[in-house]
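Engineer: work.txt (compact mmCIF, C-alpha atoms and all ligand atoms) pasted underneath:
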```txt
# COMPACT_ATOMS: atom_id res chain seq x y z
CA MET A 1099 -0.09 -21.94 -6.09
CA GLN A 1100 -2.22 -19.00 -7.25
CA GLU A 1101 -0.17 -16.04 -8.57
CA ARG A 1102 -0.44 -12.72 -6.77
CA PRO A 1103 -2.33 -10.21 -8.89
CA LYS A 1104 -0.22 -7.25 -10.05
CA ARG A 1105 -2.06 -4.23 -8.68
CA LEU A 1106 -1.16 -0.56 -8.82
CA ARG A 1107 -0.50 1.04 -5.44
CA ARG A 1108 1.04 4.38 -6.43
CA CYS A 1109 -1.54 5.88 -4.14
CA GLN A 1110 -3.67 4.22 -1.46
CA LEU A 1111 -6.44 6.63 -0.42
CA SER A 1112 -7.78 6.33 3.10
CA VAL A 1113 -11.51 6.96 3.41
CA PRO A 1114 -13.50 6.87 6.67
CA GLY A 1115 -16.04 4.03 6.37
CA SER A 1116 -18.51 6.04 8.45
CA SER A 1117 -18.81 8.71 5.75
CA GLU A 1118 -21.11 7.89 2.81
CA LYS A 1119 -20.20 11.25 1.32
CA MET A 1120 -16.44 10.65 1.32
CA MET A 1121 -16.84 7.09 0.00
CA LYS A 1122 -18.95 8.43 -2.89
CA LYS A 1123 -16.32 11.08 -3.59
CA ALA A 1124 -13.53 8.47 -3.47
CA SER A 1125 -15.36 6.24 -5.97
CA GLU A 1126 -15.38 9.13 -8.45
CA MET A 1127 -11.62 9.76 -8.21
CA ASP A 1128 -8.97 8.41 -10.54
CA VAL A 1129 -6.98 6.57 -7.87
CA ASP A 1130 -5.18 3.22 -7.97
CA PHE A 1131 -6.32 1.93 -4.60
CA VAL A 1132 -8.85 2.92 -1.96
CA PHE A 1133 -9.22 1.54 1.55
CA LEU A 1134 -12.48 2.09 3.36
CA ASP A 1135 -11.58 2.40 7.01
CA LEU A 1136 -13.13 0.77 10.05
CA GLU A 1137 -10.13 1.52 12.27
CA ASP A 1138 -8.72 4.86 13.40
CA ALA A 1139 -10.78 7.14 11.15
CA VAL A 1140 -13.97 5.76 12.73
CA ALA A 1141 -15.12 6.51 16.28
CA PRO A 1142 -15.95 3.44 18.44
CA THR A 1143 -19.69 4.26 18.45
CA GLU A 1144 -19.68 4.28 14.61
CA LYS A 1145 -17.65 1.12 14.00
CA ARG A 1146 -20.57 -1.33 13.80
CA PRO A 1147 -22.85 0.88 11.63
CA ALA A 1148 -19.88 1.69 9.36
CA ARG A 1149 -19.66 -1.97 8.26
CA ALA A 1150 -23.08 -1.77 6.59
CA LYS A 1151 -22.23 1.60 5.02
CA ILE A 1152 -19.05 0.10 3.56
CA VAL A 1153 -20.93 -2.91 2.15
CA GLU A 1154 -23.47 -0.56 0.57
CA ALA A 1155 -20.70 1.59 -0.94
CA LEU A 1156 -18.86 -1.47 -2.32
CA ASN A 1157 -22.03 -2.95 -3.82
CA THR A 1158 -23.65 0.15 -5.28
CA LEU A 1159 -20.96 2.68 -6.31
CA ASP A 1160 -19.03 2.48 -9.58
CA TRP A 1161 -15.38 2.18 -8.53
CA GLY A 1162 -13.99 1.95 -12.05
CA ARG A 1163 -10.37 0.80 -12.17
CA THR A 1164 -9.79 1.33 -8.42
CA THR A 1165 -8.75 -1.58 -6.19
CA ARG A 1166 -11.20 -1.83 -3.27
CA CYS A 1167 -9.89 -2.62 0.19
CA VAL A 1168 -11.32 -2.46 3.71
CA ARG A 1169 -9.13 -1.75 6.72
CA ILE A 1170 -10.40 -3.79 9.66
CA ASN A 1171 -9.68 -3.18 13.34
CA ASP A 1172 -6.64 -4.86 14.83
CA LEU A 1173 -6.74 -8.41 16.20
CA THR A 1174 -6.68 -7.34 19.88
CA THR A 1175 -10.08 -5.64 19.53
CA GLU A 1176 -13.57 -7.06 19.85
CA TYR A 1177 -14.33 -5.88 16.30
CA ALA A 1178 -11.81 -7.54 13.99
CA TYR A 1179 -13.42 -10.94 13.25
CA GLU A 1180 -16.89 -9.49 12.70
CA ASP A 1181 -15.39 -6.74 10.54
CA ILE A 1182 -14.13 -9.42 8.16
CA ILE A 1183 -17.26 -11.59 8.32
CA GLU A 1184 -19.77 -8.77 7.80
CA VAL A 1185 -17.84 -7.00 5.08
CA VAL A 1186 -16.91 -10.10 3.05
CA GLU A 1187 -20.36 -11.72 3.39
CA GLY A 1188 -21.95 -8.45 2.40
CA ALA A 1189 -19.70 -7.42 -0.48
CA ARG A 1190 -18.60 -10.87 -1.75
CA GLU A 1191 -16.75 -10.29 -5.04
CA ASN A 1192 -17.04 -6.53 -4.75
CA ILE A 1193 -14.14 -6.48 -2.29
CA ASP A 1194 -10.56 -7.07 -3.47
CA MET A 1195 -8.48 -6.75 -0.31
CA ILE A 1196 -8.46 -6.70 3.48
CA MET A 1197 -5.95 -4.42 5.23
CA LEU A 1198 -4.73 -5.62 8.61
CA PRO A 1199 -3.44 -2.89 10.96
CA LYS A 1200 -1.05 -3.33 13.90
CA ALA A 1201 0.02 -6.84 12.91
CA MET A 1202 2.55 -8.13 15.44
CA SER A 1203 3.62 -11.45 13.95
CA ALA A 1204 3.23 -13.85 11.04
CA SER A 1205 0.48 -15.70 12.94
CA ASP A 1206 -1.69 -12.56 12.95
CA VAL A 1207 -1.64 -12.51 9.15
CA GLN A 1208 -2.22 -16.28 9.04
CA PHE A 1209 -5.34 -15.88 11.19
CA VAL A 1210 -6.85 -13.48 8.62
CA ASP A 1211 -5.69 -15.78 5.81
CA LYS A 1212 -7.45 -18.81 7.32
CA LEU A 1213 -10.66 -16.93 8.02
CA LEU A 1214 -10.73 -15.67 4.41
CA THR A 1215 -10.07 -19.18 3.10
CA MET A 1216 -13.08 -20.51 5.03
CA MET A 1217 -15.28 -17.67 3.82
CA GLU A 1218 -14.24 -18.01 0.19
CA LYS A 1219 -15.19 -21.69 0.35
CA LYS A 1220 -18.51 -21.07 2.07
CA LEU A 1221 -19.49 -18.23 -0.26
CA GLY A 1222 -18.10 -19.93 -3.37
CA LEU A 1223 -16.04 -16.87 -4.30
CA LYS A 1224 -14.12 -17.23 -7.55
CA LYS A 1225 -11.38 -14.74 -6.78
CA ARG A 1226 -8.95 -14.67 -3.90
CA ILE A 1227 -9.19 -11.71 -1.52
CA GLY A 1228 -5.71 -10.28 -0.91
CA ILE A 1229 -4.18 -8.97 2.31
CA ASP A 1230 -2.15 -5.77 2.86
CA VAL A 1231 -0.45 -5.46 6.25
CA LEU A 1232 0.49 -2.37 8.23
CA ILE A 1233 3.85 -2.47 9.96
CA GLU A 1234 3.36 0.12 12.69
CA GLU A 1235 4.54 -1.37 15.97
CA VAL A 1236 8.13 -1.95 17.05
CA GLU A 1237 7.33 -5.68 17.47
CA ALA A 1238 6.18 -5.80 13.85
CA MET A 1239 9.35 -4.10 12.67
CA MET A 1240 11.40 -6.68 14.61
CA HIS A 1241 9.45 -9.53 12.93
CA VAL A 1242 9.05 -7.95 9.52
CA GLU A 1243 10.88 -10.75 7.68
CA GLU A 1244 8.55 -13.43 9.10
CA ILE A 1245 5.48 -11.28 8.46
CA ALA A 1246 6.55 -10.70 4.85
CA ALA A 1247 6.84 -14.47 4.32
CA SER A 1248 3.65 -15.36 6.26
CA THR A 1249 1.25 -16.30 3.43
CA PRO A 1250 0.97 -16.21 -0.39
CA ARG A 1251 -2.20 -14.17 0.11
CA LEU A 1252 -0.12 -11.25 1.41
CA GLU A 1253 0.47 -8.66 -1.33
CA CYS A 1254 1.96 -5.62 0.38
CA LEU A 1255 3.62 -4.22 3.50
CA ILE A 1256 2.85 -0.64 4.48
CA PHE A 1257 5.00 1.47 6.79
CA GLY A 1258 2.54 3.19 9.16
CA MET A 1259 4.63 5.99 10.64
CA GLY A 1260 1.85 7.43 12.82
CA ASP A 1261 1.40 4.54 15.22
CA TYR A 1262 5.02 3.56 14.66
CA SER A 1263 6.19 6.93 16.04
CA ALA A 1264 4.15 6.31 19.17
CA SER A 1265 5.38 2.73 19.46
CA GLN A 1266 9.07 3.63 19.19
CA GLY A 1267 8.75 6.85 21.22
CA VAL A 1268 9.67 9.14 18.34
CA SER A 1269 8.86 12.77 19.15
CA ILE A 1270 7.05 14.14 16.16
CA ARG A 1271 4.08 16.50 16.02
CA ASP A 1272 2.37 15.79 12.70
CA ILE A 1273 2.06 12.23 11.39
CA GLY A 1274 4.74 11.68 8.73
CA GLY A 1275 5.93 15.27 9.07
CA PRO A 1276 9.27 16.89 9.91
CA SER A 1277 10.92 15.79 13.15
CA GLY A 1278 14.07 17.88 13.42
CA TYR A 1279 16.12 14.67 13.30
CA PRO A 1280 19.35 15.19 11.35
CA GLY A 1281 18.87 13.29 8.09
CA ASP A 1282 15.86 11.16 7.19
CA ILE A 1283 14.37 9.76 10.37
CA TRP A 1284 12.63 6.88 8.49
CA SER A 1285 15.56 5.72 6.42
CA TYR A 1286 16.18 2.58 8.49
CA GLN A 1287 12.53 1.53 8.80
CA ARG A 1288 11.73 2.14 5.14
CA HIS A 1289 14.79 0.20 3.99
CA LYS A 1290 14.17 -2.68 6.39
CA LEU A 1291 10.51 -3.06 5.38
CA THR A 1292 11.28 -2.74 1.67
CA ILE A 1293 14.03 -5.38 1.83
CA ALA A 1294 11.62 -7.82 3.52
CA ALA A 1295 8.91 -7.08 0.95
CA ARG A 1296 11.18 -7.38 -2.08
CA ALA A 1297 12.71 -10.62 -0.82
CA ASN A 1298 9.17 -12.05 -0.84
CA ARG A 1299 8.15 -10.48 -4.18
CA ILE A 1300 5.51 -8.26 -2.59
CA ASP A 1301 4.98 -4.48 -2.65
CA ALA A 1302 6.21 -1.94 -0.11
CA VAL A 1303 4.16 1.23 0.43
CA ASP A 1304 4.78 4.32 2.54
CA GLY A 1305 2.11 5.50 4.99
CA PRO A 1306 0.39 8.79 5.77
CA PHE A 1307 1.41 12.44 5.77
CA ALA A 1308 -1.06 14.45 7.83
CA ASP A 1309 -0.35 18.01 6.61
CA PHE A 1310 -2.41 17.79 3.42
CA LYS A 1311 -1.90 21.51 2.77
CA ASP A 1312 1.87 21.05 2.27
CA PRO A 1313 2.27 19.51 -1.20
CA ASP A 1314 6.02 20.17 -1.43
CA THR A 1315 7.00 18.17 1.66
CA PHE A 1316 4.50 15.46 0.69
CA ARG A 1317 6.12 15.17 -2.75
CA GLU A 1318 9.59 14.99 -1.14
CA GLU A 1319 8.40 12.16 1.17
CA CYS A 1320 7.03 10.31 -1.87
CA ARG A 1321 10.34 10.77 -3.67
CA ARG A 1322 12.39 9.43 -0.73
CA SER A 1323 10.36 6.26 -0.46
CA MET A 1324 10.19 5.80 -4.25
CA ILE A 1325 14.00 5.99 -4.63
CA LEU A 1326 14.57 3.19 -2.13
CA GLY A 1327 12.11 0.81 -3.78
CA MET A 1328 8.64 1.52 -2.42
CA VAL A 1329 5.86 1.56 -5.02
CA GLY A 1330 3.46 4.11 -3.53
CA LYS A 1331 2.28 6.28 -0.66
CA TRP A 1332 -0.96 6.82 1.22
CA ALA A 1333 -3.22 9.80 0.73
CA ILE A 1334 -5.47 10.93 3.57
CA HIS A 1335 -7.04 13.72 1.49
CA PRO A 1336 -7.98 14.02 -2.21
CA ALA A 1337 -5.33 16.76 -2.63
CA GLN A 1338 -2.56 14.17 -2.18
CA VAL A 1339 -3.74 11.58 -4.71
CA GLN A 1340 -2.38 12.99 -7.97
CA LEU A 1341 0.85 14.14 -6.29
CA ALA A 1342 1.61 10.57 -5.20
CA GLN A 1343 0.55 8.99 -8.49
CA GLU A 1344 2.85 11.38 -10.36
CA VAL A 1345 5.94 10.74 -8.25
CA PHE A 1346 5.46 6.96 -8.42
CA SER A 1347 5.01 6.95 -12.22
CA PRO A 1348 8.25 6.83 -14.18
CA LYS A 1349 8.69 9.67 -16.68
CA ALA A 1350 8.17 8.74 -20.35
CA GLU A 1351 11.72 9.80 -21.26
CA GLU A 1352 13.21 7.70 -18.43
CA VAL A 1353 11.31 4.68 -19.70
CA ALA A 1354 12.44 5.29 -23.29
CA LYS A 1355 16.06 5.63 -22.10
CA ALA A 1356 15.79 2.44 -20.06
CA ARG A 1357 14.44 0.49 -23.03
CA GLU A 1358 17.24 1.95 -25.21
CA MET A 1359 19.86 0.89 -22.69
CA ILE A 1360 18.49 -2.65 -22.53
CA ALA A 1361 18.61 -2.84 -26.34
CA ALA A 1362 22.21 -1.54 -26.36
CA TYR A 1363 23.18 -4.16 -23.79
CA ASP A 1364 21.48 -6.95 -25.77
CA ALA A 1365 23.36 -5.84 -28.90
CA ALA A 1366 26.66 -5.89 -26.99
CA LEU A 1367 25.86 -9.33 -25.63
CA ALA A 1368 25.22 -10.62 -29.17
CA GLN A 1369 28.79 -9.56 -29.97
CA GLY A 1370 30.11 -11.46 -26.99
CA LEU A 1371 30.60 -8.43 -24.71
CA GLY A 1372 29.39 -8.37 -21.09
CA ALA A 1373 30.35 -4.77 -20.25
CA VAL A 1374 30.31 -1.84 -22.66
CA GLN A 1375 30.35 1.93 -22.79
CA TYR A 1376 26.92 3.46 -22.98
CA GLY A 1377 26.43 7.24 -22.78
CA GLY A 1378 30.07 7.54 -21.70
CA LYS A 1379 29.61 5.18 -18.73
CA MET A 1380 30.04 1.48 -18.10
CA ILE A 1381 26.94 -0.70 -18.25
CA ASP A 1382 26.64 -4.41 -17.57
CA ILE A 1383 23.95 -6.88 -16.52
CA ALA A 1384 23.53 -5.13 -13.13
CA SER A 1385 22.74 -1.83 -14.90
CA VAL A 1386 20.10 -3.67 -16.89
CA ARG A 1387 18.57 -5.24 -13.75
CA ILE A 1388 18.28 -1.77 -12.18
CA VAL A 1389 16.48 -0.21 -15.14
CA LYS A 1390 14.28 -3.27 -15.61
CA ASN A 1391 12.55 -2.31 -12.36
CA LEU A 1392 11.63 0.98 -13.97
CA VAL A 1393 10.37 -0.80 -17.08
CA ASP A 1394 8.32 -3.17 -14.88
CA ARG A 1395 6.67 -0.16 -13.22
CA ALA A 1396 5.94 1.35 -16.63
CA ASP A 1397 4.45 -1.96 -17.81
CA ARG A 1398 2.16 -2.16 -14.77
CA ILE A 1399 0.86 1.33 -15.54
CA GLY A 1400 0.56 0.47 -19.22
CA MET A 1401 3.09 3.07 -20.41
N1 LIG B 1501 -11.64 10.64 1.00
C1 LIG B 1501 -12.64 11.13 0.24
N2 LIG B 1501 -13.05 12.41 0.28
C2 LIG B 1501 -12.43 13.21 1.16
C3 LIG B 1501 -11.39 12.77 1.98
C4 LIG B 1501 -11.00 11.42 1.89
N3 LIG B 1501 -10.02 10.92 2.66
N4 LIG B 1501 -10.96 13.80 2.73
C5 LIG B 1501 -11.70 14.86 2.39
N5 LIG B 1501 -12.59 14.52 1.44
C6 LIG B 1501 -13.55 15.39 0.77
C7 LIG B 1501 -14.40 16.22 1.74
O1 LIG B 1501 -15.55 15.51 2.10
C8 LIG B 1501 -14.69 17.45 0.91
O2 LIG B 1501 -15.73 17.13 0.02
P1 LIG B 1501 -16.70 18.30 -0.55
O3 LIG B 1501 -15.83 19.29 -1.25
O4 LIG B 1501 -17.63 17.56 -1.46
O5 LIG B 1501 -17.37 18.89 0.67
C9 LIG B 1501 -13.43 17.63 0.08
O6 LIG B 1501 -12.81 16.35 0.03
C10 LIG B 1501 -12.45 18.62 0.66
O7 LIG B 1501 -12.18 18.30 1.99
P2 LIG B 1501 -11.72 19.42 3.04
O8 LIG B 1501 -12.85 20.36 3.31
O9 LIG B 1501 -10.45 20.00 2.55
O10 LIG B 1501 -11.39 18.59 4.32
P3 LIG B 1501 -12.39 18.01 5.44
O11 LIG B 1501 -12.37 18.92 6.63
O12 LIG B 1501 -13.71 17.65 4.85
O13 LIG B 1501 -11.63 16.65 5.81
C11 LIG B 1501 -10.08 15.32 7.02
C12 LIG B 1501 -10.34 16.67 6.36
C13 LIG B 1501 -8.65 15.24 7.47
C14 LIG B 1501 -11.02 15.14 8.21
C15 LIG B 1501 -10.37 14.23 5.94
O14 LIG B 1501 -9.50 14.50 4.87
C16 LIG B 1501 -10.26 12.81 6.39
O15 LIG B 1501 -11.11 12.29 7.11
N6 LIG B 1501 -9.20 12.08 5.92
C17 LIG B 1501 -9.02 10.68 6.14
C18 LIG B 1501 -8.58 10.41 7.56
C19 LIG B 1501 -8.19 8.96 7.71
O16 LIG B 1501 -8.62 8.11 6.95
N7 LIG B 1501 -7.37 8.66 8.73
C20 LIG B 1501 -6.92 7.33 8.97
C21 LIG B 1501 -5.72 6.94 8.17
S1 LIG B 1501 -4.26 7.82 8.60
MG MG B 1502 -2.25 3.08 12.65
```
What is this structure when it is put down as structure tokens?
Structural biologist:
Amino acid sequence: MQERPKRLRRCQLSVPGSSEKMMKKASEMDVDFVFLDLEDAVAPTEKRPARAKIVEALNTLDWGRTTRCVRINDLTTEYAYEDIIEVVEGARENIDMIMLPKAMSASDVQFVDKLLTMMEKKLGLKKRIGIDVLIEEVEAMMHVEEIAASTPRLECLIFGMGDYSASQGVSIRDIGGPSGYPGDIWSYQRHKLTIAARANRIDAVDGPFADFKDPDTFREECRRSMILGMVGKWAIHPAQVQLAQEVFSPKAEEVAKAREMIAAYDAALAQGLGAVQYGGKMIDIASVRIVKNLVDRADRIGM
């Protein structure tokens, strides 16, 4: 079985596929991951012409280190299959990922997987196109374990709190914004999705925050999802990109401390000790597993 590529997703920037100007701007930004949108950022009258604009942007702009994804329309629409066919036939190896919104079940993801398999064969593509899936309907949240295990092509689950709020009946004014709920309203959903993702060795990412002029609350939302195991957050505006990439990058001193702790544990182990004092506290193999996640993140970034 082909290994999943290790991609950075500290920030996934959403860019309307109908806007040549915004796609050009996105290609010039230092961002881990961009998705060119055919879904909600694009009006129905623009959806078909946007496919060609996206293909042009993928084939002609210099995207540098950025992972290139296209968000298709959901599988209940008349657009979805042609979104995939036109974009993949047009961009071939210049597209890395397809993002599937409003998935309801494992079979939705498997449909996209099979279509991509056929196209890769027909076009003779050397690399495998990955899939990221949005969990944004209550049905999807109920089936998140099956969705997470649906196909080896799946690389990431994203919590889409905009549509999810509508689906669950959450009263909230701004997408991803404050709700007045006592405590963190998304604690359960973020944990549930992240557990399903981690159990299948794939990434978990947090969705959008509409108020792009409020950096402090955005940073706090990044921090909440980062602490519980998510690897990144969406940006809907350039102003959010660096904020997210900062929060989801471990600090150099944390990484140095983690590596020091692992070395101290290894030294203890060599003396036949499983638990020792380190910095005045007990550490054992579980402490090492926890900080190894941090070191893995640092390695992915190249720190
Ligand atoms: N990607 C790339 N460039 C973007 C961008 C994005 N998501 N959002 C804004 N920009 C650009 C603008 O074109 C503008 O460029 P300029 O300075 O060269 O003119 C610059 O960044 C500043 O934008 P600003 O004037 O502050 O905002 P705006 O009114 O142009 O756009 C939104 C505001 C919300 C309409 C826009 O950010 C947007 O469309 N975001 C994405 C929406 C989306 O994808 N939704 C679906 C997923 S939830
Ligand atoms: Mg949505």
Engineer: Neighbouring residues of ligand LIG 1501 (chain B) are defined here as those with any atom at most 9 Å from a ligand atom, counting all atoms listed in the file; list them as a ChimeraX atom specification.
Structural biologist: /A:1111-1115,1117,1119-1125,1127,1132-1135,1137-1140,1258,1260,1273,1305-1311,1332-1337
Engineer: Would you name the residues within 8 Å of ligand MG 1502 (chain B), counting all atoms listed in the file, and put them as a PDB file with C-alpha atoms, in the coordinates of the input?
Structural biologist:
```pdb
ATOM      1  CA  ASP A1138      -8.720   4.860  13.400  1.00  0.00           C
ATOM      2  CA  PRO A1199      -3.440  -2.890  10.960  1.00  0.00           C
ATOM      3  CA  LYS A1200      -1.050  -3.330  13.900  1.00  0.00           C
ATOM      4  CA  LEU A1232       0.490  -2.370   8.230  1.00  0.00           C
ATOM      5  CA  GLU A1234       3.360   0.120  12.690  1.00  0.00           C
ATOM      6  CA  GLY A1258       2.540   3.190   9.160  1.00  0.00           C
ATOM      7  CA  MET A1259       4.630   5.990  10.640  1.00  0.00           C
ATOM      8  CA  GLY A1260       1.850   7.430  12.820  1.00  0.00           C
ATOM      9  CA  ASP A1261       1.400   4.540  15.220  1.00  0.00           C
ATOM     10  CA  TYR A1262       5.020   3.560  14.660  1.00  0.00           C
TER      11      TYR A1262
END
```
Engineer: Between A:Val1210, A:Leu1223, A:Met1217, A:Met1202, single out the one closest to Glu1237 (chain A), counting all atoms listed in the file.
Structural biologist: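 Selected residue with least distance to Glu1237 (chain A): A:Met1202.
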Engineer: Find the residues near Ser1205 (chain A): any atom within 12 Å, counting all atoms listed in the file, skip ones fewer than 5 places away on the same chain, and give them as a list in words.
Structural biologist: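 Contacts, in chain order: Leu1173, Val1210, Asp1211, Lys1212, Ala1238, His1241, Glu1244, Ile1245, Ala1246, Ala1247, Ser1248 and Thr1249 of chain A.
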Engineer: Between A:Asp1272, A:Asp1160, A:Glu1235, A:Glu1118, single out the one closest to Asp1172 (chain A), counting only C-alpha atoms.
Structural biologist: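 Of all the options, A:Glu1235 lies closest to Asp1172 (chain A).
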Engineer: Rank A:Thr1215, A:Thr1165, A:Gln1266, A:Ser1285 by their smallest atom-to-atom distance to Arg1322 (chain A), using all atoms listed in the file, and report the top residue only.
Structural biologist: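 For Arg1322 (chain A), the nearest of the candidates is A:Ser1285.
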Engineer: Using only C-alpha atoms, pick whichever of A:Ile1233, A:Leu1198, A:Val1386, A:Ala1189 has the shortest atom-to-atom distance to Ala1373 (chain A).
Structural biologist: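 With only C-alpha atoms as the atom set, the closest residue is A:Val1386.
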Engineer: Please compute the CA of Arg1321 (chain A)-CA of Gln1343 (chain A) distance, one decimal, in Å.
Structural biologist: 11.1 Å
Engineer: Give the answer as one residue: which of A:Leu1214, A:Met1239, A:Val1129, A:Val1393 has the shortest atom-to-atom distance to Glu1351 (chain A), using all atoms listed in the file?
Structural biologist: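 Comparing A:Leu1214, A:Met1239, A:Val1129, A:Val1393 against Glu1351 (chain A), the winner is A:Val1393.
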Engineer: With distances taken over all atoms listed in the file, which residue among A:Ile1383, A:Phe1316, A:Leu1252, A:Arg1163 lies nearest Ala1295 (chain A)?
Structural biologist: A:Leu1252
